[in-house]
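Trainee: Got a structure for you, final.txt, holding compact mmCIF, N, CA and C atoms and all ligand atoms.
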```txt
# COMPACT_ATOMS: atom_id res chain seq x y z
N MET A 1 5.13 -11.98 10.11
CA MET A 1 3.80 -11.39 10.05
C MET A 1 2.75 -12.49 10.07
N SER A 2 1.67 -12.23 10.78
CA SER A 2 0.61 -13.22 10.85
C SER A 2 -0.16 -13.27 9.54
N ASN A 3 -0.69 -14.41 9.24
CA ASN A 3 -1.44 -14.58 8.00
C ASN A 3 -2.87 -14.12 8.22
N THR A 4 -3.08 -12.81 8.10
CA THR A 4 -4.39 -12.23 8.36
C THR A 4 -5.38 -12.63 7.28
N PHE A 5 -4.87 -12.67 6.07
CA PHE A 5 -5.74 -12.97 4.93
C PHE A 5 -5.29 -14.27 4.27
N GLU A 6 -6.24 -14.96 3.70
CA GLU A 6 -5.91 -16.21 3.04
C GLU A 6 -6.49 -16.25 1.63
N TYR A 7 -7.75 -15.85 1.52
CA TYR A 7 -8.41 -15.87 0.22
C TYR A 7 -8.96 -14.49 -0.12
N CYS A 8 -8.98 -14.21 -1.42
CA CYS A 8 -9.45 -12.93 -1.92
C CYS A 8 -10.95 -12.78 -1.68
N TYR A 9 -11.36 -11.63 -1.14
CA TYR A 9 -12.78 -11.38 -0.92
C TYR A 9 -13.50 -11.12 -2.24
N GLN A 10 -12.73 -10.69 -3.25
CA GLN A 10 -13.35 -10.34 -4.53
C GLN A 10 -13.65 -11.57 -5.37
N CYS A 11 -12.65 -12.47 -5.49
CA CYS A 11 -12.81 -13.58 -6.44
C CYS A 11 -12.51 -14.94 -5.82
N GLY A 12 -12.07 -14.96 -4.56
CA GLY A 12 -11.78 -16.23 -3.92
C GLY A 12 -10.41 -16.81 -4.26
N GLY A 13 -9.60 -16.03 -4.99
CA GLY A 13 -8.26 -16.46 -5.35
C GLY A 13 -7.35 -16.58 -4.13
N VAL A 14 -6.23 -17.22 -4.32
CA VAL A 14 -5.28 -17.40 -3.22
C VAL A 14 -4.40 -16.16 -3.10
N LEU A 15 -4.18 -15.73 -1.87
CA LEU A 15 -3.36 -14.54 -1.63
C LEU A 15 -1.93 -14.94 -1.32
N GLN A 16 -1.00 -14.16 -1.85
CA GLN A 16 0.41 -14.40 -1.58
C GLN A 16 1.03 -13.13 -1.05
N LEU A 17 1.88 -13.30 -0.03
CA LEU A 17 2.54 -12.15 0.57
C LEU A 17 3.62 -11.63 -0.39
N GLN A 18 3.51 -10.36 -0.75
CA GLN A 18 4.49 -9.75 -1.64
C GLN A 18 4.86 -8.38 -1.11
N ARG A 19 5.95 -7.85 -1.66
CA ARG A 19 6.34 -6.48 -1.34
C ARG A 19 5.91 -5.61 -2.50
N VAL A 20 5.12 -4.61 -2.22
CA VAL A 20 4.57 -3.78 -3.29
C VAL A 20 4.88 -2.31 -3.04
N LYS A 21 4.64 -1.53 -4.08
CA LYS A 21 4.77 -0.08 -4.00
C LYS A 21 3.37 0.48 -3.79
N LYS A 22 3.20 1.20 -2.70
CA LYS A 22 1.87 1.71 -2.39
C LYS A 22 1.81 3.21 -2.57
N ILE A 23 0.84 3.66 -3.33
CA ILE A 23 0.64 5.09 -3.54
C ILE A 23 -0.28 5.59 -2.45
N HIS A 24 0.20 6.59 -1.70
CA HIS A 24 -0.57 7.12 -0.59
C HIS A 24 -1.21 8.43 -1.00
N THR A 25 -2.51 8.48 -0.96
CA THR A 25 -3.21 9.72 -1.33
C THR A 25 -4.06 10.19 -0.16
N TRP A 26 -4.28 11.47 -0.13
CA TRP A 26 -5.13 12.06 0.90
C TRP A 26 -6.01 13.09 0.21
N LYS A 27 -7.31 12.87 0.27
CA LYS A 27 -8.28 13.75 -0.39
C LYS A 27 -7.92 13.97 -1.86
N GLY A 28 -7.54 12.91 -2.51
CA GLY A 28 -7.26 12.97 -3.93
C GLY A 28 -5.88 13.50 -4.28
N GLU A 29 -5.12 13.93 -3.27
CA GLU A 29 -3.78 14.45 -3.52
C GLU A 29 -2.76 13.35 -3.27
N LEU A 30 -1.79 13.26 -4.16
CA LEU A 30 -0.72 12.29 -3.96
C LEU A 30 0.20 12.78 -2.85
N ILE A 31 0.29 12.00 -1.80
CA ILE A 31 1.13 12.38 -0.66
C ILE A 31 2.52 11.79 -0.80
N GLY A 32 2.56 10.53 -1.17
CA GLY A 32 3.85 9.90 -1.31
C GLY A 32 3.70 8.47 -1.78
N VAL A 33 4.83 7.89 -2.12
CA VAL A 33 4.85 6.50 -2.55
C VAL A 33 5.69 5.73 -1.55
N ILE A 34 5.14 4.69 -1.02
CA ILE A 34 5.87 3.87 -0.04
C ILE A 34 6.27 2.57 -0.73
N GLU A 35 7.55 2.32 -0.73
CA GLU A 35 8.04 1.12 -1.39
C GLU A 35 8.25 0.01 -0.40
N ASN A 36 8.25 -1.20 -0.91
CA ASN A 36 8.56 -2.37 -0.10
C ASN A 36 7.52 -2.63 0.98
N VAL A 37 6.26 -2.32 0.69
CA VAL A 37 5.18 -2.53 1.65
C VAL A 37 4.70 -3.97 1.55
N PRO A 38 4.65 -4.67 2.70
CA PRO A 38 4.13 -6.04 2.64
C PRO A 38 2.63 -6.02 2.38
N ALA A 39 2.19 -6.76 1.38
CA ALA A 39 0.76 -6.81 1.04
C ALA A 39 0.40 -8.22 0.61
N TRP A 40 -0.83 -8.58 0.85
CA TRP A 40 -1.35 -9.86 0.36
C TRP A 40 -1.97 -9.60 -1.00
N VAL A 41 -1.39 -10.23 -2.02
CA VAL A 41 -1.82 -9.97 -3.39
C VAL A 41 -2.52 -11.21 -3.94
N CYS A 42 -3.71 -10.98 -4.52
CA CYS A 42 -4.48 -12.09 -5.10
C CYS A 42 -3.80 -12.55 -6.38
N ASN A 43 -3.63 -13.86 -6.51
CA ASN A 43 -2.96 -14.40 -7.70
C ASN A 43 -3.90 -14.46 -8.91
N GLN A 44 -5.16 -14.10 -8.71
CA GLN A 44 -6.10 -14.11 -9.84
C GLN A 44 -6.44 -12.70 -10.31
N CYS A 45 -6.92 -11.85 -9.39
CA CYS A 45 -7.38 -10.53 -9.84
C CYS A 45 -6.43 -9.41 -9.45
N GLY A 46 -5.40 -9.73 -8.65
CA GLY A 46 -4.41 -8.71 -8.31
C GLY A 46 -4.84 -7.79 -7.18
N GLU A 47 -5.98 -8.04 -6.58
CA GLU A 47 -6.45 -7.23 -5.45
C GLU A 47 -5.43 -7.31 -4.32
N ARG A 48 -5.21 -6.18 -3.66
CA ARG A 48 -4.24 -6.15 -2.57
C ARG A 48 -4.94 -5.97 -1.23
N TYR A 49 -4.40 -6.65 -0.24
CA TYR A 49 -4.90 -6.50 1.12
C TYR A 49 -3.73 -6.18 2.02
N TYR A 50 -3.96 -5.24 2.92
CA TYR A 50 -2.89 -4.83 3.83
C TYR A 50 -3.29 -5.15 5.26
N ASP A 51 -2.33 -5.59 6.03
CA ASP A 51 -2.57 -5.82 7.45
C ASP A 51 -2.80 -4.48 8.14
N GLY A 52 -3.63 -4.51 9.19
CA GLY A 52 -3.94 -3.29 9.92
C GLY A 52 -2.69 -2.61 10.45
N GLU A 53 -1.75 -3.40 10.95
CA GLU A 53 -0.53 -2.82 11.51
C GLU A 53 0.31 -2.15 10.42
N VAL A 54 0.24 -2.68 9.20
CA VAL A 54 0.98 -2.08 8.09
C VAL A 54 0.39 -0.71 7.76
N LEU A 55 -0.94 -0.64 7.68
CA LEU A 55 -1.61 0.62 7.37
C LEU A 55 -1.37 1.65 8.48
N GLU A 56 -1.38 1.17 9.73
CA GLU A 56 -1.13 2.08 10.85
C GLU A 56 0.26 2.67 10.77
N LYS A 57 1.23 1.83 10.42
CA LYS A 57 2.61 2.31 10.35
C LYS A 57 2.74 3.35 9.23
N ILE A 58 2.10 3.09 8.09
CA ILE A 58 2.16 4.05 6.98
C ILE A 58 1.51 5.36 7.40
N ASP A 59 0.37 5.26 8.08
CA ASP A 59 -0.31 6.45 8.58
C ASP A 59 0.60 7.26 9.48
N ARG A 60 1.29 6.55 10.38
CA ARG A 60 2.21 7.23 11.29
C ARG A 60 3.33 7.91 10.52
N MET A 61 3.89 7.19 9.53
CA MET A 61 4.98 7.74 8.73
C MET A 61 4.54 9.04 8.07
N MET A 62 3.30 9.04 7.55
CA MET A 62 2.81 10.21 6.84
C MET A 62 2.52 11.36 7.79
N LYS A 63 1.96 11.03 8.96
CA LYS A 63 1.61 12.07 9.93
C LYS A 63 2.86 12.71 10.52
N GLU A 64 3.84 11.86 10.83
CA GLU A 64 5.06 12.38 11.46
C GLU A 64 6.02 12.96 10.43
N ARG A 65 5.62 12.84 9.17
CA ARG A 65 6.44 13.34 8.07
C ARG A 65 7.88 12.82 8.19
N THR A 66 7.97 11.53 8.34
CA THR A 66 9.26 10.86 8.36
C THR A 66 10.06 11.28 7.13
N THR A 67 11.32 11.55 7.32
CA THR A 67 12.16 11.95 6.20
C THR A 67 12.17 10.86 5.14
N PRO A 68 11.79 11.22 3.92
CA PRO A 68 11.76 10.20 2.88
C PRO A 68 13.15 9.67 2.58
N THR A 69 13.20 8.42 2.18
CA THR A 69 14.47 7.83 1.78
C THR A 69 15.02 8.56 0.56
N ARG A 70 14.12 8.85 -0.38
CA ARG A 70 14.50 9.68 -1.51
C ARG A 70 13.24 10.34 -2.04
N THR A 71 13.44 11.39 -2.80
CA THR A 71 12.32 12.13 -3.34
C THR A 71 12.42 12.14 -4.84
N PHE A 72 11.31 11.92 -5.53
CA PHE A 72 11.32 12.03 -6.97
C PHE A 72 10.06 12.78 -7.42
N THR A 73 10.18 13.40 -8.53
CA THR A 73 9.09 14.22 -9.03
C THR A 73 8.11 13.35 -9.83
N VAL A 74 6.85 13.54 -9.54
CA VAL A 74 5.82 12.82 -10.27
C VAL A 74 5.26 13.77 -11.33
N PRO A 75 5.26 13.35 -12.59
CA PRO A 75 4.72 14.23 -13.62
C PRO A 75 3.21 14.44 -13.42
N ALA A 76 2.77 15.66 -13.53
CA ALA A 76 1.35 15.97 -13.37
C ALA A 76 0.80 16.50 -14.69
N TYR A 77 -0.40 16.12 -15.03
CA TYR A 77 -1.01 16.54 -16.28
C TYR A 77 -2.37 17.15 -15.99
N VAL A 78 -2.76 18.06 -16.86
CA VAL A 78 -4.12 18.61 -16.75
C VAL A 78 -4.91 18.08 -17.94
N TYR A 79 -6.06 17.59 -17.62
CA TYR A 79 -6.90 17.01 -18.68
C TYR A 79 -7.46 18.11 -19.59
ZN ZN A 101 -8.96 -11.90 -6.32
```
As structure tokens, please, write out the structure in this file.

Mentor:
Amino acid sequence: MSNTFEYCYQCGGVLQLQRVKKIHTWKGELIGVIENVPAWVCNQCGERYYDGEVLEKIDRMMKERTTPTRTFTVPAYVY
């Protein structure tokens, strides 16, 4: 993957490529959780940055309703 990002836009910290769990929401609804997503994570404030191609792939996965690797129930609460 190309090094799209180098420094954090928020605090100027150094970004490191990590694999993270990304929560995908649409209009406030939890759609799914994508694991093992490559993201640039700030070593100071924890801000995450995603490459455009990564976001596009996730969008495609969600639109095409790719069969999930596994499904788990997320507890929901009412305030
Ligand atoms: Zn930062």

Trainee: Per DSSP on the backbone, filter chain A down to the residues in strand (DSSP E) and report them as a PyMOL selection string.

Mentor: chain A and resi 15-26+29-42+48-49

Trainee: Give me, as a tab-separated table, each residue of chain A that comes within 8 Å of ligand ZN 101 (chain A), together with its shortest interatomic pair and the distance in Å at one decimal, counting all atoms listed in the file, with rows ordered by chain and rising residue number.

Mentor:
```
residue	atom	partner	partner_atom	distance
A:Tyr7	C	A:ZN101	ZN	6.7
A:Cys8	CA	A:ZN101	ZN	4.5
A:Tyr9	N	A:ZN101	ZN	5.7
A:Gln10	C	A:ZN101	ZN	4.8
A:Cys11	N	A:ZN101	ZN	3.8
A:Gly12	N	A:ZN101	ZN	4.7
A:Gly13	N	A:ZN101	ZN	4.4
A:Val14	N	A:ZN101	ZN	6.3
A:Leu15	N	A:ZN101	ZN	7.6
A:Val41	C	A:ZN101	ZN	6.9
A:Cys42	CA	A:ZN101	ZN	4.6
A:Asn43	N	A:ZN101	ZN	5.7
A:Gln44	C	A:ZN101	ZN	4.8
A:Cys45	N	A:ZN101	ZN	3.7
A:Gly46	N	A:ZN101	ZN	4.8
A:Glu47	N	A:ZN101	ZN	4.9
A:Arg48	N	A:ZN101	ZN	7.3
```

Trainee: Which one of A:Ile23, A:Ile34, A:Ala76, A:Leu17 sits closest to Met61 in chain A if you count only C-alpha atoms?

Mentor: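 Comparing A:Ile23, A:Ile34, A:Ala76, A:Leu17 against Met61 in chain A, the winner is A:Ile34.
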
Trainee: So, counting only C-alpha atoms, which residue among A:Val74, A:Leu55, A:Glu6, A:Thr66 is closest to Glu29 in chain A?

Mentor: A:Val74

Trainee: Take every atom of range 51-65 of chain A listed in the file, pad by 3 Å on each side, and give me the axis-aligned box centre and edge lengths in Å, one decimal, as lines of an AutoDock Vina configuration file.

Mentor:
```
center_x = 2.0
center_y = 3.8
center_z = 8.8
size_x = 17.8
size_y = 25.2
size_z = 11.5
```

Trainee: Find the residues near Lys22 in chain A: any atom within 8 Å, counting only N, CA and C atoms, skip ones fewer than 6 places away on the same chain, and give them as a ChimeraX atom specification.

Mentor: /A:32-37

Trainee: Which residues are near Gln18 in chain A? Cut-off 5 Å, all atoms listed in the file, ignore same chain within fewer than 4 positions. Put them as a PDB file with N, CA and C atoms, in the frame of the given file.

Mentor:
```
ATOM      1  N   PRO A  38       4.650  -4.670   2.700  1.00  0.00           N
ATOM      2  CA  PRO A  38       4.130  -6.040   2.640  1.00  0.00           C
ATOM      3  C   PRO A  38       2.630  -6.020   2.380  1.00  0.00           C
ATOM      4  N   ALA A  39       2.190  -6.760   1.380  1.00  0.00           N
ATOM      5  CA  ALA A  39       0.760  -6.810   1.040  1.00  0.00           C
ATOM      6  C   ALA A  39       0.400  -8.220   0.610  1.00  0.00           C
ATOM      7  N   TRP A  40      -0.830  -8.580   0.850  1.00  0.00           N
ATOM      8  CA  TRP A  40      -1.350  -9.860   0.360  1.00  0.00           C
ATOM      9  C   TRP A  40      -1.970  -9.600  -1.000  1.00  0.00           C
TER      10      TRP A  40
END
```

Trainee: Just the number, please: distance in Å from atom N of Ile58 in chain A to CA of His24 in chain A, one decimal.

Mentor: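 So the two atoms, atom N of Ile58 in chain A and CA of His24 in chain A, lie 9.9 Å apart.
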
Trainee: Would you please extract all alpha helix (DSSP H) residues from chain A, as assigned by DSSP on the backbone, and give them as an NGL selection string?

Mentor: :A and (52-63)
